[in-house]
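Below is the file structure21.txt, which contains compact mmCIF, C-alpha atoms.
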# COMPACT_ATOMS: atom_id res chain seq x y z
CA ALA A 1 0.00 0.00 0.00
CA CYS A 2 3.00 2.32 0.38
CA SER A 3 5.19 1.47 -2.56
CA GLY A 4 5.57 2.19 -6.28
CA ALA A 5 2.73 3.01 -8.67
CA ALA A 6 0.37 0.28 -9.78
CA ASP A 7 -2.77 0.03 -11.88
CA GLY A 8 -5.26 2.66 -10.87
CA ALA A 9 -2.71 4.84 -9.08
CA ALA A 10 -4.61 7.69 -7.49
CA VAL A 11 -2.54 10.67 -8.60
CA ALA A 12 -4.24 13.86 -9.76
CA PRO A 13 -3.43 17.55 -10.05
CA ALA A 14 -4.12 19.52 -6.90
CA ALA A 15 -7.68 20.78 -6.63
CA ALA A 16 -8.54 24.38 -5.70
CA PRO A 17 -7.78 25.99 -3.41
CA ALA A 18 -4.10 25.65 -4.23
CA VAL A 19 -1.66 24.87 -1.44
CA PRO A 20 1.11 27.46 -1.14
CA VAL A 21 4.53 26.29 -2.31
CA ASP A 22 7.28 26.32 0.30
CA ASP A 23 10.82 26.67 -1.07
CA ALA A 24 12.37 27.60 2.27
CA ALA A 25 14.31 25.42 4.63
CA PRO A 26 12.27 23.66 7.33
CA GLY A 27 10.83 25.95 9.96
CA VAL A 28 7.95 28.32 10.62
CA ASP A 29 8.30 32.09 10.26
CA GLY A 30 12.08 31.78 9.94
CA GLU A 31 12.32 29.60 13.03
CA PRO A 32 14.42 26.42 12.72
CA ALA A 33 12.28 23.26 12.83
CA ASP A 34 13.90 22.00 16.04
CA SER A 35 13.12 25.22 17.99
CA ARG A 36 9.33 24.85 17.68
CA GLY A 37 9.15 22.27 20.45
CA PRO A 38 7.49 18.86 20.21
CA ALA A 39 4.71 18.54 17.64
CA LYS A 40 1.33 17.30 18.79
CA ASP A 41 -0.44 14.52 16.97
CA ALA A 42 -2.83 15.70 14.28
CA ARG A 43 -6.42 14.44 14.08
CA VAL A 44 -8.46 13.22 11.11
CA GLY A 45 -8.74 16.08 8.63
CA GLU A 46 -5.83 18.11 10.03
CA PRO A 47 -2.89 18.69 7.65
CA VAL A 48 0.66 17.85 8.70
CA ARG A 49 3.63 19.44 6.94
CA VAL A 50 6.40 16.88 6.45
CA HIS A 51 9.74 18.61 5.79
CA GLY A 52 12.45 16.83 3.84
CA ARG A 53 16.18 17.00 4.49
CA GLN A 54 16.73 18.87 1.23
CA VAL A 55 15.60 22.47 0.85
CA GLY A 56 12.33 22.61 -1.07
CA ARG A 57 11.24 19.03 -0.35
CA HIS A 58 7.96 19.23 1.59
CA LEU A 59 4.69 17.33 1.64
CA GLN A 60 1.40 18.30 3.17
CA ALA A 61 -0.19 15.10 4.46
CA VAL A 62 -3.75 14.67 5.67
CA LEU A 63 -5.38 11.65 7.28
CA THR A 64 -8.77 12.00 5.58
CA ALA A 65 -10.48 8.96 7.14
CA TYR A 66 -9.84 5.98 9.38
CA VAL A 67 -11.76 2.67 9.26
CA ASP A 68 -11.56 -0.31 11.60
CA PRO A 69 -11.99 -2.88 10.23
CA ALA A 70 -11.03 -2.27 6.61
CA VAL A 71 -12.70 -4.68 4.16
CA SER A 72 -11.48 -5.82 0.74
CA LEU A 73 -13.71 -5.29 -2.28
CA ASP A 74 -12.79 -8.88 -3.23
CA LYS A 75 -14.92 -11.02 -0.90
CA ASP A 76 -12.34 -13.86 -1.10
CA TYR A 77 -9.45 -11.68 0.13
CA ALA A 78 -9.12 -11.11 3.87
CA PRO A 79 -6.46 -10.97 6.59
CA PRO A 80 -5.33 -14.27 8.15
CA ALA A 81 -7.11 -15.75 11.17
CA GLY A 82 -6.47 -13.76 14.35
CA LYS A 83 -5.73 -10.57 12.41
CA ARG A 84 -7.76 -7.67 11.03
CA TRP A 85 -7.10 -4.79 8.69
CA VAL A 86 -7.44 -1.13 9.58
CA GLY A 87 -7.38 1.48 6.84
CA ALA A 88 -6.19 5.08 6.67
CA GLY A 89 -7.46 7.35 3.90
CA MET A 90 -4.51 9.62 3.06
CA SER A 91 -3.90 12.68 0.90
CA PHE A 92 -0.42 13.96 0.05
CA VAL A 93 0.31 17.23 -1.79
CA ASN A 94 3.79 18.30 -2.87
CA VAL A 95 4.11 21.83 -1.44
CA GLY A 96 7.87 22.07 -1.95
CA GLY A 97 9.88 23.59 -4.74
CA ALA A 98 11.05 20.29 -6.26
CA THR A 99 9.61 16.95 -7.37
CA TYR A 100 9.04 14.66 -4.40
CA GLY A 101 10.17 11.04 -4.72
CA GLU A 102 8.43 7.77 -3.93
CA LEU A 103 5.98 7.43 -1.04
CA GLY A 104 7.64 6.50 2.23
CA ARG A 105 6.54 4.09 4.93
CA MET A 106 3.61 4.18 7.32
CA TRP A 107 2.94 2.41 10.58
CA ALA A 108 0.00 1.92 12.91
CA LEU A 109 0.91 2.02 16.60
CA ASP A 110 -1.16 0.26 19.22
CA SER A 111 -1.83 1.21 22.84
CA ALA A 112 1.07 -1.04 23.96
CA GLY A 113 3.54 0.77 21.69
CA GLN A 114 3.80 -2.03 19.10
CA ARG A 115 4.28 -0.75 15.54
CA TYR A 116 2.67 -2.45 12.50
CA PRO A 117 3.84 -1.62 8.94
CA SER A 118 1.48 -0.99 6.08
CA VAL A 119 0.64 -4.00 3.90
CA ALA A 120 -0.22 -4.28 0.23
CA THR A 121 -3.88 -5.05 -0.44
CA GLY A 122 -6.24 -4.74 -3.33
CA GLU A 123 -9.04 -2.22 -3.47
CA LEU A 124 -11.05 -1.74 -0.29
CA THR A 125 -14.77 -1.12 -0.02
CA THR A 126 -13.71 2.44 0.89
CA GLY A 127 -11.48 2.97 -2.17
CA LYS A 128 -8.22 2.34 -4.03
CA PRO A 129 -4.76 1.90 -2.45
CA LEU A 130 -2.47 4.92 -2.16
CA VAL A 131 0.49 4.71 -4.53
CA PHE A 132 2.86 7.14 -6.23
CA ASP A 133 6.35 7.09 -7.73
CA SER A 134 6.86 10.84 -7.55
CA LEU A 135 4.84 14.01 -7.16
CA SER A 136 5.54 17.17 -9.12
CA VAL A 137 5.11 20.49 -7.32
CA GLY A 138 1.40 21.00 -6.64
CA ASP A 139 0.38 17.41 -7.48
CA ARG A 140 -1.81 15.41 -5.11
CA ALA A 141 -1.96 11.65 -4.41
CA GLU A 142 -4.91 10.15 -2.52
CA GLY A 143 -5.89 6.64 -1.51
CA TRP A 144 -5.96 4.07 1.29
CA VAL A 145 -3.11 2.62 3.36
CA VAL A 146 -3.85 -0.68 5.14
CA PHE A 147 -2.31 -2.20 8.27
CA GLU A 148 -2.65 -5.82 9.37
CA ILE A 149 -2.92 -6.01 13.14
CA PRO A 150 -3.88 -8.57 15.77
CA GLU A 151 -7.63 -8.80 16.50
CA ASN A 152 -7.14 -7.61 20.10
CA ALA A 153 -4.83 -4.64 19.34
CA ARG A 154 -6.19 -1.09 19.78
CA ILE A 155 -4.62 1.33 17.31
CA VAL A 156 -4.08 4.80 18.81
CA ARG A 157 -1.67 6.49 16.40
CA LEU A 158 -0.52 6.47 12.77
CA GLN A 159 2.94 7.51 11.57
CA TYR A 160 4.31 8.52 8.16
CA GLN A 161 8.03 8.77 7.41
CA ASP A 162 10.09 8.52 4.27
CA ALA A 163 13.72 8.71 3.25
CA ASN A 164 13.41 12.46 2.62
CA THR A 165 12.02 13.18 6.10
CA GLN A 166 14.23 14.61 8.81
CA ALA A 167 14.88 12.05 11.51
CA ASN A 168 13.17 12.75 14.86
CA SER A 169 11.31 15.76 13.43
CA GLY A 170 8.13 14.93 15.37
CA GLU A 171 6.18 15.27 12.13
CA GLY A 172 3.83 12.85 10.41
CA PHE A 173 1.78 11.59 13.38
CA TRP A 174 -1.99 11.30 13.71
CA ALA A 175 -4.06 10.24 16.72
CA VAL A 176 -6.94 7.89 15.89
What does the file become when written as structure tokens?
Amino acid sequence: ACSGAADGAAVAPAAAPAVPVDDAAPGVDGEPADSRGPAKDARVGEPVRVHGRQVGRHLQAVLTAYVDPAVSLDKDYAPPAGKRWVGAGMSFVNVGGATYGELGRMWALDSAGQRYPSVATGELTTGKPLVFDSLSVGDRAEGWVVFEIPENARIVRLQYQDANTQANSGEGFWAV
């Protein structure tokens, strides 16, 4: 669900209103990113700015929806016994000054602190998987990311990080 483009990749030009482009180094109002203090987890519908290590590499990410359980459109395709899928509807817009590379990795974190990586699935009853190889400035990618978790786990947080993201930036977290 979080790797290269496949059939039906959900990539489209950004819809109005346009998201402002950010060519500057990470930070807010000239403040270095690390001086802003710890970031709080975003909620469904709240945008998160993910700053890359290179100047001009920035994504605006939004958790648009969260479903538990997530269900495959193919009635014969389901998680293994003792597991369930949860799905995160995601939207990414390139708000930097350069093309943004391949989608990074996502995890679901449970109340015990265990982290579960995203898994590849087919189309869900809620929509198509999220995939992109690269996003030009202003382009948007939308779709669903799926996590396979134990039946008894309670997911409390989602995390996005990719190779272009600054380590320990405190960015890319959503409470669910």
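Among A:Ala108, A:Ala175, A:Val145, A:Val48, the residue with the shortest atom-to-atom distance to Gln60 in chain A, counting all atoms listed in the file, is A:Val48.
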Legend entry - Spatial neighbours of range 62-77 of chain A, 8 Å, all atoms listed in the file, chain gap at least 6 places, as a ChimeraX atom specification: /A:43-48,84-92,121-126,146,174,176
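Closest approach to Pro80 in chain A from the set A:Leu59, A:Glu151, A:Arg105, A:Val50 is made by A:Glu151, with distances taken over only C-alpha atoms.
One distance worth recording is that between CA of Ile149 in chain A and CA of Lys83 in chain A, which is 5.4 Å.
Going from CA of Glu142 in chain A over to CA of Leu109 in chain A, you cover 21.6 Å.
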